[in-house]
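Structure file target.pdb; described as PDB, C-alpha atoms.
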```
ATOM      1  CA  MET A   1      15.348  -6.793 -26.776
ATOM      2  CA  ILE A   2      13.318  -8.093 -23.882
ATOM      3  CA  THR A   3       9.622  -8.671 -24.239
ATOM      4  CA  PHE A   4       7.021  -7.097 -22.014
ATOM      5  CA  GLU A   5       6.446 -10.450 -20.361
ATOM      6  CA  GLN A   6      10.060 -10.643 -19.229
ATOM      7  CA  PHE A   7       9.829  -7.050 -18.048
ATOM      8  CA  ALA A   8       6.729  -7.928 -15.996
ATOM      9  CA  ILE A   9       8.562 -10.881 -14.439
ATOM     10  CA  GLY A  10      11.433  -8.560 -13.558
ATOM     11  CA  ALA A  11       9.023  -6.078 -11.998
ATOM     12  CA  GLY A  12       7.522  -8.878  -9.901
ATOM     13  CA  GLY A  13      10.983  -9.930  -8.771
ATOM     14  CA  ALA A  14      11.773  -6.340  -7.830
ATOM     15  CA  LEU A  15       8.565  -6.169  -5.819
ATOM     16  CA  PHE A  16       9.536  -9.369  -4.042
ATOM     17  CA  LEU A  17      12.958  -7.957  -3.199
ATOM     18  CA  LEU A  18      11.279  -4.816  -1.857
ATOM     19  CA  MET A  19       9.166  -6.971   0.440
ATOM     20  CA  LEU A  20      12.316  -8.009   2.320
ATOM     21  CA  PRO A  21      12.786  -4.645   4.142
ATOM     22  CA  ALA A  22       9.161  -4.889   5.250
ATOM     23  CA  ILE A  23       9.817  -8.411   6.546
ATOM     24  CA  TYR A  24      12.847  -7.058   8.410
ATOM     25  CA  ARG A  25      10.621  -4.379   9.936
ATOM     26  CA  ILE A  26       8.121  -7.050  10.966
ATOM     27  CA  ALA A  27      10.908  -9.027  12.633
ATOM     28  CA  VAL A  28      12.649  -6.249  14.555
ATOM     29  CA  GLY A  29      10.012  -3.494  14.698
ATOM     30  CA  PRO A  30      10.044  -1.933  18.163
ATOM     31  CA  THR A  31       6.298  -1.516  18.495
ATOM     32  CA  ALA A  32       3.394  -3.662  17.370
ATOM     33  CA  LEU A  33       2.177  -0.859  15.106
ATOM     34  CA  ASP A  34       5.416  -0.981  13.115
ATOM     35  CA  ARG A  35       4.700  -4.614  12.405
ATOM     36  CA  ILE A  36       1.142  -3.834  11.368
ATOM     37  CA  VAL A  37       2.326  -1.107   8.991
ATOM     38  CA  ALA A  38       4.858  -3.446   7.415
ATOM     39  CA  THR A  39       2.190  -6.128   7.021
ATOM     40  CA  ASN A  40      -0.055  -3.561   5.346
ATOM     41  CA  ILE A  41       2.733  -2.735   2.899
ATOM     42  CA  ILE A  42       3.302  -6.390   2.086
ATOM     43  CA  GLY A  43      -0.435  -6.784   1.445
ATOM     44  CA  THR A  44      -0.509  -3.841  -0.962
ATOM     45  CA  LYS A  45       2.533  -5.182  -2.797
ATOM     46  CA  THR A  46       0.833  -8.568  -3.030
ATOM     47  CA  ALA A  47      -2.232  -7.003  -4.650
ATOM     48  CA  VAL A  48       0.038  -5.394  -7.241
ATOM     49  CA  MET A  49       1.929  -8.632  -7.725
ATOM     50  CA  LEU A  50      -1.295 -10.537  -8.392
ATOM     51  CA  ILE A  51      -1.933  -8.213 -11.335
ATOM     52  CA  ILE A  52       1.615  -8.874 -12.561
ATOM     53  CA  ILE A  53       0.971 -12.614 -12.339
ATOM     54  CA  GLY A  54      -2.214 -12.110 -14.337
ATOM     55  CA  VAL A  55      -0.335 -10.216 -17.051
ATOM     56  CA  VAL A  56       2.329 -12.919 -17.248
ATOM     57  CA  PHE A  57      -0.276 -15.692 -17.492
ATOM     58  CA  GLU A  58      -2.441 -13.572 -19.853
ATOM     59  CA  ARG A  59      -5.441 -14.017 -17.561
ATOM     60  CA  VAL A  60      -5.731 -10.496 -16.197
ATOM     61  CA  GLU A  61      -9.543 -10.602 -16.260
ATOM     62  CA  MET A  62      -9.404 -13.311 -13.605
ATOM     63  CA  PHE A  63      -6.514 -12.085 -11.455
ATOM     64  CA  VAL A  64      -7.763  -8.513 -11.178
ATOM     65  CA  ASP A  65     -10.685  -9.789  -9.112
ATOM     66  CA  PHE A  66      -8.224 -11.522  -6.799
ATOM     67  CA  ALA A  67      -6.281  -8.290  -6.473
ATOM     68  CA  LEU A  68      -9.412  -6.324  -5.632
ATOM     69  CA  ALA A  69     -10.464  -8.850  -2.992
ATOM     70  CA  TYR A  70      -6.958  -8.907  -1.553
ATOM     71  CA  ALA A  71      -6.829  -5.124  -1.278
ATOM     72  CA  LEU A  72     -10.216  -5.143   0.444
ATOM     73  CA  LEU A  73      -9.152  -7.776   2.986
ATOM     74  CA  ASN A  74      -5.890  -5.940   3.596
ATOM     75  CA  PHE A  75      -7.747  -2.714   4.355
ATOM     76  CA  THR A  76     -10.165  -4.536   6.656
ATOM     77  CA  GLY A  77      -7.280  -6.146   8.528
ATOM     78  CA  SER A  78      -5.494  -2.837   9.025
ATOM     79  CA  ILE A  79      -8.629  -1.113  10.305
ATOM     80  CA  ALA A  80      -9.397  -4.005  12.655
ATOM     81  CA  ALA A  81      -5.848  -4.003  14.067
ATOM     82  CA  SER A  82      -5.860  -0.244  14.561
ATOM     83  CA  ARG A  83      -9.231  -0.343  16.330
ATOM     84  CA  PHE A  84      -7.998  -3.177  18.528
ATOM     85  CA  LEU A  85      -4.863  -1.314  19.572
ATOM     86  CA  HIS A  86      -6.898   1.838  19.980
ATOM     87  CA  ARG A  87      -9.088   0.217  22.598
ATOM     88  CA  THR A  88      -6.422  -1.585  24.621
ATOM     89  CA  LYS A  89      -5.401   1.801  26.050
ATOM     90  CA  ASP A  90      -8.761   2.149  27.762
ATOM     91  CA  THR A  91      -8.249  -0.696  30.237
ATOM     92  CA  GLY A  92      -6.404   1.155  32.986
ATOM     93  CA  GLU A  93      -7.245   4.386  34.652
ATOM     94  CA  ALA A  94      -9.409   5.511  31.755
ATOM     95  CA  ALA A  95     -11.790   2.572  32.141
ATOM     96  CA  ALA A  96     -14.308   4.732  33.901
ATOM     97  CA  GLY A  97     -14.452   7.020  30.905
ATOM     98  CA  ILE A  98     -15.605   4.335  28.469
ATOM     99  CA  GLY A  99     -19.219   4.760  29.322
ATOM    100  CA  ALA A 100     -18.995   8.511  28.952
ATOM    101  CA  THR A 101     -16.859   8.910  25.824
ATOM    102  CA  GLY A 102     -16.827   5.474  24.221
ATOM    103  CA  GLY A 103     -20.395   5.724  23.093
ATOM    104  CA  SER A 104     -19.521   7.941  20.161
ATOM    105  CA  GLU A 105     -17.455   5.207  18.553
ATOM    106  CA  PRO A 106     -19.244   2.663  16.389
TER     107      PRO A 106
ATOM    108  CA  MET B   1       0.436   3.700 -37.753
ATOM    109  CA  THR B   2      -0.724   0.823 -35.610
ATOM    110  CA  ALA B   3       2.853  -0.121 -34.808
ATOM    111  CA  ILE B   4       3.572   3.416 -33.673
ATOM    112  CA  ILE B   5       0.557   3.396 -31.364
ATOM    113  CA  ALA B   6       1.573   0.003 -29.974
ATOM    114  CA  THR B   7       5.076   1.297 -29.284
ATOM    115  CA  ILE B   8       3.667   4.364 -27.541
ATOM    116  CA  ILE B   9       1.395   2.217 -25.366
ATOM    117  CA  THR B  10       4.197  -0.148 -24.360
ATOM    118  CA  THR B  11       6.617   2.692 -23.637
ATOM    119  CA  ALA B  12       4.083   4.559 -21.515
ATOM    120  CA  SER B  13       3.284   1.464 -19.478
ATOM    121  CA  VAL B  14       6.978   0.635 -18.964
ATOM    122  CA  VAL B  15       7.678   4.190 -17.809
ATOM    123  CA  LEU B  16       4.743   4.110 -15.381
ATOM    124  CA  ILE B  17       5.803   0.746 -13.921
ATOM    125  CA  LEU B  18       9.414   1.849 -13.506
ATOM    126  CA  ALA B  19       8.293   5.034 -11.757
ATOM    127  CA  GLY B  20       6.130   2.931  -9.445
ATOM    128  CA  ILE B  21       9.035   0.633  -8.584
ATOM    129  CA  PHE B  22      11.172   3.724  -7.910
ATOM    130  CA  PHE B  23       8.663   4.954  -5.344
ATOM    131  CA  PHE B  24       8.431   1.449  -3.870
ATOM    132  CA  VAL B  25      12.191   1.637  -3.328
ATOM    133  CA  GLY B  26      11.675   4.971  -1.580
ATOM    134  CA  ALA B  27       9.027   3.494   0.690
ATOM    135  CA  ALA B  28      11.250   0.512   1.534
ATOM    136  CA  VAL B  29      14.262   2.703   2.335
ATOM    137  CA  GLY B  30      12.093   4.959   4.477
ATOM    138  CA  LEU B  31      10.726   1.945   6.307
ATOM    139  CA  LEU B  32      14.253   0.772   7.031
ATOM    140  CA  ARG B  33      16.026   3.994   7.877
ATOM    141  CA  PHE B  34      13.668   6.348   9.676
ATOM    142  CA  PRO B  35      14.053   6.480  13.459
ATOM    143  CA  ASP B  36      10.459   6.699  14.582
ATOM    144  CA  PHE B  37       7.108   5.028  14.131
ATOM    145  CA  TYR B  38       5.446   8.181  12.828
ATOM    146  CA  VAL B  39       7.989   9.010  10.142
ATOM    147  CA  ARG B  40       8.198   5.372   9.089
ATOM    148  CA  MET B  41       4.426   5.455   8.768
ATOM    149  CA  HIS B  42       4.702   8.643   6.698
ATOM    150  CA  ALA B  43       7.178   7.120   4.251
ATOM    151  CA  ALA B  44       5.322   3.839   4.061
ATOM    152  CA  GLY B  45       1.859   5.288   3.560
ATOM    153  CA  LYS B  46       2.725   7.841   0.909
ATOM    154  CA  GLY B  47       5.223   5.787  -1.034
ATOM    155  CA  ASP B  48       3.040   2.714  -0.980
ATOM    156  CA  THR B  49      -0.065   4.521  -2.213
ATOM    157  CA  LEU B  50       1.602   6.378  -5.057
ATOM    158  CA  SER B  51       3.689   3.460  -6.268
ATOM    159  CA  SER B  52       0.743   1.051  -6.229
ATOM    160  CA  LEU B  53      -1.242   3.549  -8.267
ATOM    161  CA  LEU B  54       1.581   3.960 -10.785
ATOM    162  CA  VAL B  55       2.249   0.243 -11.253
ATOM    163  CA  ILE B  56      -1.419  -0.691 -11.642
ATOM    164  CA  LEU B  57      -1.995   2.237 -14.004
ATOM    165  CA  GLY B  58       0.961   1.020 -16.051
ATOM    166  CA  PHE B  59      -0.624  -2.397 -16.447
ATOM    167  CA  ALA B  60      -3.986  -0.774 -17.218
ATOM    168  CA  VAL B  61      -2.330   1.201 -20.008
ATOM    169  CA  TYR B  62      -0.760  -2.009 -21.306
ATOM    170  CA  GLN B  63      -4.216  -3.583 -21.552
ATOM    171  CA  LEU B  64      -5.006  -1.076 -24.316
ATOM    172  CA  HIS B  65      -3.236  -3.528 -26.631
ATOM    173  CA  GLY B  66      -6.349  -5.690 -26.348
ATOM    174  CA  PHE B  67      -8.254  -3.309 -28.615
ATOM    175  CA  ASP B  68      -6.186  -4.499 -31.580
ATOM    176  CA  SER B  69      -8.113  -7.736 -31.944
ATOM    177  CA  PHE B  70     -11.645  -6.553 -32.569
ATOM    178  CA  SER B  71     -13.291  -9.677 -31.202
ATOM    179  CA  GLN B  72     -13.276  -9.086 -27.445
ATOM    180  CA  ASP B  73     -13.440  -5.358 -27.025
ATOM    181  CA  TRP B  74     -15.902  -5.508 -24.150
ATOM    182  CA  LEU B  75     -13.649  -7.881 -22.214
ATOM    183  CA  THR B  76     -10.673  -5.542 -22.559
ATOM    184  CA  LEU B  77     -12.802  -2.609 -21.514
ATOM    185  CA  LEU B  78     -14.035  -4.553 -18.490
ATOM    186  CA  VAL B  79     -10.479  -5.429 -17.446
ATOM    187  CA  ILE B  80      -9.384  -1.799 -17.760
ATOM    188  CA  LEU B  81     -12.366  -0.637 -15.727
ATOM    189  CA  LYS B  82     -11.589  -3.222 -13.030
ATOM    190  CA  LEU B  83      -7.959  -2.126 -12.883
ATOM    191  CA  LEU B  84      -9.101   1.470 -12.508
ATOM    192  CA  ALA B  85     -11.465   0.287  -9.757
ATOM    193  CA  VAL B  86      -8.492  -1.260  -7.933
ATOM    194  CA  VAL B  87      -6.612   2.031  -8.360
ATOM    195  CA  VAL B  88      -9.500   4.083  -6.950
ATOM    196  CA  PHE B  89      -9.946   1.611  -4.100
ATOM    197  CA  ILE B  90      -6.298   1.735  -3.074
ATOM    198  CA  PHE B  91      -6.327   5.516  -3.408
ATOM    199  CA  LEU B  92      -9.228   5.680  -0.957
ATOM    200  CA  THR B  93      -8.304   2.981   1.532
ATOM    201  CA  SER B  94      -4.534   3.271   1.944
ATOM    202  CA  PRO B  95      -4.588   6.827   3.398
ATOM    203  CA  THR B  96      -7.543   5.792   5.568
ATOM    204  CA  ALA B  97      -5.612   2.841   6.984
ATOM    205  CA  THR B  98      -2.554   5.045   7.492
ATOM    206  CA  SER B  99      -4.593   7.613   9.383
ATOM    207  CA  ALA B 100      -6.276   4.994  11.554
ATOM    208  CA  LEU B 101      -2.960   3.332  12.454
ATOM    209  CA  MET B 102      -1.376   6.699  13.213
ATOM    210  CA  ASP B 103      -4.287   7.557  15.488
ATOM    211  CA  ALA B 104      -3.946   4.189  17.217
ATOM    212  CA  GLY B 105      -0.232   4.828  17.765
ATOM    213  CA  TRP B 106      -0.918   8.256  19.214
ATOM    214  CA  GLU B 107      -3.554   6.873  21.550
ATOM    215  CA  ASP B 108      -1.221   4.045  22.504
ATOM    216  CA  ASP B 109       1.518   6.457  23.715
ATOM    217  CA  VAL B 110       4.117   5.734  21.076
ATOM    218  CA  LYS B 111       6.775   8.352  21.746
ATOM    219  CA  PRO B 112       7.958  10.496  18.823
ATOM    220  CA  PHE B 113      11.694  10.587  18.135
ATOM    221  CA  ILE B 114      13.242  13.779  19.473
ATOM    222  CA  ARG B 115      16.926  14.564  19.042
ATOM    223  CA  GLU B 116      19.115  14.917  22.125
ATOM    224  CA  GLY B 117      19.129  18.414  23.558
ATOM    225  CA  ARG B 118      16.011  19.618  21.818
ATOM    226  CA  SER B 119      13.146  20.929  23.867
ATOM    227  CA  ASN B 120      10.324  18.425  23.984
ATOM    228  CA  HIS B 121       7.120  20.366  23.648
ATOM    229  CA  LEU B 122       5.207  17.164  22.952
ATOM    230  CA  GLU B 123       5.912  15.798  26.399
ATOM    231  CA  ASP B 124       2.875  17.357  28.013
ATOM    232  CA  ASP B 125       0.106  16.310  25.680
ATOM    233  CA  CYS B 126       1.515  12.965  24.597
ATOM    234  CA  GLY B 127       0.549  11.087  27.727
ATOM    235  CA  ASN B 128      -3.056  12.046  28.145
ATOM    236  CA  ALA B 129      -4.379  11.868  24.605
TER     237      ALA B 129
END
```
Would you put the structure from the file into structure tokens?
Amino acid sequence: MITFEQFAIGAGGALFLLMLPAIYRIAVGPTALDRIVATNIIGTKTAVMLIIIGVVFERVEMFVDFALAYALLNFTGSIAASRFLHRTKDTGEAAAGIGATGGSEP
Amino acid sequence: MTAIIATIITTASVVLILAGIFFFVGAAVGLLRFPDFYVRMHAAGKGDTLSSLLVILGFAVYQLHGFDSFSQDWLTLLVILKLLAVVVFIFLTSPTATSALMDAGWEDDVKPFIREGRSNHLEDDCGNA
């Protein structure tokens, strides 16, 4: 009979193995947005894995703060990358339209 | 009676965590196998959100064991509330990030996958979004 601690370690190992397809997608992804999506997935899995580490070390009250901060930074990074790629389109023929339509964006 | 409750708590948390890992597997397979940025994004966003929720909820349920030792009830309650805060945060932010990245891809002229021989009705409005 395995203990819950061993089960948590196994769950963390499974999460690590499931990060490998995301790393593959980062390596070979055809577009930059594929890579950003895969990075976002790895960040979410890392936030979950921090909680698993806290359960294994029996210090969840400390590691849950790390997980919350990591999820926040992950979300901020995704939004920043999407805004950046959103704006790179507007450099060519649509550059004249920035002053007219770009004002609505924050 | 206490042993029965402890068994129920552990079983519920194990079931929740295994369900979460199952959906993580679905998200990973979708990320590997789908042909297109948009459908990969679909699999990744949905599977990632739901499985993160399930795994963290499983560990939050497991923290209910802390109420056995009557010394630090407030600490256990605080940990459970923080785990639920992480759950609510991921539930709010992960679909938002998915939507923003999808919008960026659409604006950036990422072509959707269309099978050979099908009529491409997206061809007209994909370029000038």
Exercise for the section: Kindly determine which residues of chain A lie within 8 Å of chain B, considering only C-alpha atoms, and give the answer as number ranges by chain. Expected result: A: 4, 11, 14-15, 18-19, 21-22, 25, 31, 33-34, 37, 41, 44-45, 48, 51-52, 55, 60-61, 64-65, 67-68, 71, 75, 78-79, 82-83, 85-86, 88-89
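Picture a line from CA of Val28 in chain A to CA of Arg115 in chain B; it runs 21.7 Å.
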Let me have the centre and edge lengths in Å, one decimal, of the box along x, y and z around every listed atom of range 66-79 of chain A with 3 Å of margin on each side, as lines of an AutoDock Vina configuration file.
```
center_x = -8.0
center_y = -6.3
center_z = 1.8
size_x = 11.0
size_y = 16.4
size_z = 23.1
```
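The spacing separating CA of Asn40 in chain A from CA of Pro95 in chain B amounts to 11.5 Å.
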Fill in the blank from the handout: The distance between CA of Thr2 in chain B and CA of Phe67 in chain B is 11.1 Å
Hey, could you patch up range 96-108 of chain B with N, CA and C atoms and hand it over as a compact mmCIF listing (two decimals), keeping the file's coordinate frame?
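Output file part.txt follows:
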```
# COMPACT_ATOMS: atom_id res chain seq x y z
N THR B 96 -6.66 6.02 4.43
CA THR B 96 -7.54 5.79 5.57
C THR B 96 -6.90 4.86 6.58
N ALA B 97 -6.28 3.78 6.08
CA ALA B 97 -5.61 2.84 6.98
C ALA B 97 -4.42 3.51 7.66
N THR B 98 -3.69 4.34 6.90
CA THR B 98 -2.55 5.04 7.49
C THR B 98 -3.00 5.96 8.62
N SER B 99 -4.09 6.69 8.36
CA SER B 99 -4.59 7.61 9.38
C SER B 99 -5.08 6.87 10.62
N ALA B 100 -5.76 5.75 10.42
CA ALA B 100 -6.28 4.99 11.55
C ALA B 100 -5.13 4.42 12.39
N LEU B 101 -4.08 3.90 11.71
CA LEU B 101 -2.96 3.33 12.45
C LEU B 101 -2.18 4.42 13.18
N MET B 102 -2.05 5.59 12.54
CA MET B 102 -1.38 6.70 13.21
C MET B 102 -2.14 7.13 14.46
N ASP B 103 -3.46 7.19 14.34
CA ASP B 103 -4.29 7.56 15.49
C ASP B 103 -4.15 6.52 16.60
N ALA B 104 -4.11 5.24 16.22
CA ALA B 104 -3.95 4.19 17.22
C ALA B 104 -2.60 4.31 17.92
N GLY B 105 -1.54 4.65 17.15
CA GLY B 105 -0.23 4.83 17.76
C GLY B 105 -0.20 6.00 18.72
N TRP B 106 -0.87 7.07 18.35
CA TRP B 106 -0.92 8.26 19.21
C TRP B 106 -1.68 7.95 20.50
N GLU B 107 -2.78 7.24 20.37
CA GLU B 107 -3.55 6.87 21.55
C GLU B 107 -2.80 5.87 22.42
N ASP B 108 -1.92 5.11 21.80
CA ASP B 108 -1.22 4.04 22.50
C ASP B 108 0.11 4.52 23.09
```
